[in-house]
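Structure first, then comments.
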Amino acid sequence: MSILGHTVDIRSHIRKDPVLAVALVLAVASCAAVPPDASYAGYVDLRTLGLLFSLMAVMAGLSGAGVFRVACRRLLASVHGPRRLALSLVALTFLSSMLITNDVALVTFVPFALLALASVGSARFTCFTVVLMTVAANLGSMFTPVGNPQNLYLYSASHMGIAEFLALMAPYTAASLALLVAAVALLGRAMLDADGAADEGESLGGIEEGPAPTAVRVVPWLTVFALALAAVARVLPYQVAVVAAIAVGVAFDRGALARVDYGLLLTFVAFFVFVGNMGRIEAVDAFIARTVEGHALAVSVVASQVLSNVPCAILLSGFTADWPALIVGTNIGGLGTLIASMASLISYKQLAVWLPREKGCYLAMFTAANVAFLVALAALAALLGSVA
């Protein structure tokens, strides 16, 4: 396809961001059923978009400044033995995802993990570790409102207090950490034995030195991060964080603004339009409302497997006021299929480039681990009475 003399490969864009493509198709189709009018202005949650933009700009700025590279290098320099390395990488991903989001944690730490794990000499152990890092990113991020996009949206839409949100997710977060540690301790040895790799106390891996982070690049972004957190807690208007992110980017780091995932922001807008229109079609509204009523957690878990948990959260939020069930459901629903959480694709793509012959092994481990964690956390949800 050619536009103004430039060739546009639509298929490549769809492959690069299939969720955005689906969201745009659904939005356009829904506009045919509900022609644009003044009500469209109320569809889009500007607060969620503004906070998401601010946080993505901060993470892009800090990443570009080398903050995460230095943190990872220092961690790996002090770790001895493959299983300790795996546990450190999983814990780092789990804890960091609470503040820097699940996708940023994986984009940042999986490449370092692949480099460090190369010295172990076990492709199976590498797959095992990256799978658990992916699970850790998706589960660690569920603890805070800023850990992932659906939490940011649902926290904003529900008007839930920060303490209430943390209390809701604390049992699932604690259980997830315990399961991750147990998985590394109990299965790590078997993965090493399968490839005949040693599990000795030698130093492993290393990250190449790079330019050290400078205060002039780090401090402004940390300031924006503090403002964004204050806006999330509703201490400041979200517009303050947005203006600060733009100002810092223009003044100190325009590259950070360029690295913001604007496709994700557009995906949110498209789904807001789709959900808003679906709510105005009486038959569709009634059907979804009946399906979700009393089963918000179960429906959100199942729907996340095919829709991914971010669009699922946006869609179902228009049909239920059971916010705790929806928050828990879309978070544990990020486990399961490879697309249940789009962040999971980040790890898969990176490992497929690094170890192309191990894609099948990785997918098998990924599916087994995700199903096991999903079953365990769903059982916990039932035990805590989150399922109506």
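Ordered as shown in the structure tokens, chains take letters A, B, and onward, while each chain numbers its residues from 1 and ligands are numbered from 1 in the order shown.
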
Within 9 Å of segment 56-60 of chain A, which residues of segment 82-185 of chain A come that close, and what is the closest atom pair and distance in Å for each? Count only C-alpha atoms and give it as a tab-separated table.
residue	atom	partner	partner_atom	distance
A:Ile100	CA	A:Met59	CA	6.4
A:Thr101	CA	A:Met59	CA	8.8
A:Val104	CA	A:Met59	CA	7.2

Spatial neighbours of Thr337 of chain A, 9 Å, only C-alpha atoms, chain gap at least 2 places, as a VMD selection string = chain A and resid 304 to 306 308 334 to 335 339 to 341 344 366 to 367 370 to 371

Separation of atom CA of Phe94 of chain A and atom CA of Ala137 of chain A, in Å?
-> 5.1 Å

Just the residues within 10 Å of Leu264 of chain A, please, counting only C-alpha atoms, with nothing from its chain fewer than 4 positions along; format it as a PyMOL selection string.
-> chain A and resi 17+19-20+49+52-53+149+260+268-270+310

Spatial neighbours of Gly249 of chain A, 10 Å, only C-alpha atoms, chain gap at least 5 places, as a PyMOL selection string | chain A and resi 57-58+61+220-221+243-244+254-258

Have a look at A:Val131, A:Gly64, A:Leu307, A:Ala183 and name the one nearest to Val22 of chain A; count only C-alpha atoms.
->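 The answer is A:Leu307, which sits nearest to Val22 of chain A.
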
Mind checking DSSP for segment 301-387 of chain A and telling me the alpha helix (DSSP H) residues as a PyMOL selection string?
-> chain A and resi 301-307+309-317+323-332+344-354+359-384

Export of the given selection (C-alpha atoms) as an mmCIF file, in the first residue's frame:
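Okay, this is what ended up in part_10.cif:
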data_model
loop_
_atom_site.group_PDB
_atom_site.id
_atom_site.type_symbol
_atom_site.label_atom_id
_atom_site.label_comp_id
_atom_site.auth_asym_id
_atom_site.auth_seq_id
_atom_site.Cartn_x
_atom_site.Cartn_y
_atom_site.Cartn_z
ATOM 1 C CA VAL A 301 -9.730 -14.801 33.902
ATOM 2 C CA VAL A 302 -11.246 -16.671 30.947
ATOM 3 C CA ALA A 303 -11.632 -13.592 28.753
ATOM 4 C CA SER A 304 -8.015 -12.564 29.405
ATOM 5 C CA GLN A 305 -6.812 -15.780 27.788
ATOM 6 C CA VAL A 306 -8.054 -14.641 24.371
ATOM 7 C CA LEU A 307 -8.341 -10.858 24.684
ATOM 8 C CA ASN A 309 -5.906 -8.719 30.362
ATOM 9 C CA VAL A 310 -5.604 -5.008 29.506
ATOM 10 C CA PRO A 311 -8.461 -4.864 26.942
ATOM 11 C CA CYS A 312 -10.395 -7.329 29.087
ATOM 12 C CA ALA A 313 -10.214 -4.919 32.025
ATOM 13 C CA ILE A 314 -11.450 -2.035 29.898
ATOM 14 C CA LEU A 315 -14.262 -4.078 28.349
ATOM 15 C CA LEU A 316 -15.642 -5.662 31.523
ATOM 16 C CA SER A 317 -15.342 -2.493 33.605
ATOM 17 C CA TRP A 323 -14.033 -3.911 41.275
ATOM 18 C CA PRO A 324 -12.151 -6.265 43.625
ATOM 19 C CA ALA A 325 -13.128 -9.313 41.570
ATOM 20 C CA LEU A 326 -12.266 -7.562 38.315
ATOM 21 C CA ILE A 327 -8.879 -6.417 39.620
ATOM 22 C CA VAL A 328 -7.966 -9.864 40.926
ATOM 23 C CA GLY A 329 -9.351 -11.604 37.838
ATOM 24 C CA THR A 330 -7.502 -9.538 35.257
ATOM 25 C CA ASN A 331 -4.269 -9.829 37.227
ATOM 26 C CA ILE A 332 -4.220 -13.586 37.715
ATOM 27 C CA SER A 344 4.784 -12.221 28.050
ATOM 28 C CA LEU A 345 5.454 -11.776 24.340
ATOM 29 C CA ILE A 346 8.463 -9.615 25.196
ATOM 30 C CA SER A 347 10.291 -12.515 26.816
ATOM 31 C CA TYR A 348 9.304 -14.960 24.093
ATOM 32 C CA LYS A 349 10.543 -12.715 21.296
ATOM 33 C CA GLN A 350 13.869 -12.087 23.021
ATOM 34 C CA LEU A 351 14.486 -15.755 23.800
ATOM 35 C CA ALA A 352 13.480 -16.767 20.254
ATOM 36 C CA VAL A 353 16.232 -14.523 18.903
ATOM 37 C CA TRP A 354 18.822 -15.701 21.447
ATOM 38 C CA LYS A 359 11.286 -21.988 21.211
ATOM 39 C CA GLY A 360 9.316 -25.210 21.567
ATOM 40 C CA CYS A 361 10.956 -26.005 24.903
ATOM 41 C CA TYR A 362 10.267 -22.484 26.132
ATOM 42 C CA LEU A 363 6.587 -22.579 25.127
ATOM 43 C CA ALA A 364 6.101 -25.948 26.817
ATOM 44 C CA MET A 365 7.663 -24.685 30.049
ATOM 45 C CA PHE A 366 5.801 -21.380 29.791
ATOM 46 C CA THR A 367 2.432 -23.104 29.434
ATOM 47 C CA ALA A 368 3.075 -25.585 32.247
ATOM 48 C CA ALA A 369 4.278 -22.896 34.648
ATOM 49 C CA ASN A 370 1.460 -20.489 33.826
ATOM 50 C CA VAL A 371 -1.239 -23.115 34.230
ATOM 51 C CA ALA A 372 0.244 -24.223 37.564
ATOM 52 C CA PHE A 373 0.437 -20.664 38.916
ATOM 53 C CA LEU A 374 -3.026 -19.817 37.582
ATOM 54 C CA VAL A 375 -4.602 -22.859 39.245
ATOM 55 C CA ALA A 376 -2.857 -22.094 42.553
ATOM 56 C CA LEU A 377 -3.915 -18.426 42.599
ATOM 57 C CA ALA A 378 -7.458 -19.201 41.437
ATOM 58 C CA ALA A 379 -7.703 -21.663 44.342
ATOM 59 C CA LEU A 380 -6.510 -18.911 46.679
ATOM 60 C CA ALA A 381 -9.137 -16.562 45.260
ATOM 61 C CA ALA A 382 -11.833 -19.148 45.926
ATOM 62 C CA LEU A 383 -10.491 -19.674 49.446
ATOM 63 C CA LEU A 384 -10.570 -15.932 50.146
#

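The coordinates place atom CA of Thr267 of chain A at 15.2 Å from atom CA of Arg47 of chain A.
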
Mind checking which residues fall within 12 Å of Phe165 of chain A, counting only C-alpha atoms, ignoring those fewer than 5 positions away in the same chain, and posting them as a VMD selection string?
-> chain A and resid 142 to 147 151 to 152 154 to 156 158 to 160 170 to 173 232 to 233 323 to 325 327 to 328

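Here the question is which of A:Val135, A:Leu265, A:Thr48, A:Gly318 gets nearest to Asn277 of chain A using only C-alpha atoms, and that residue is A:Gly318.
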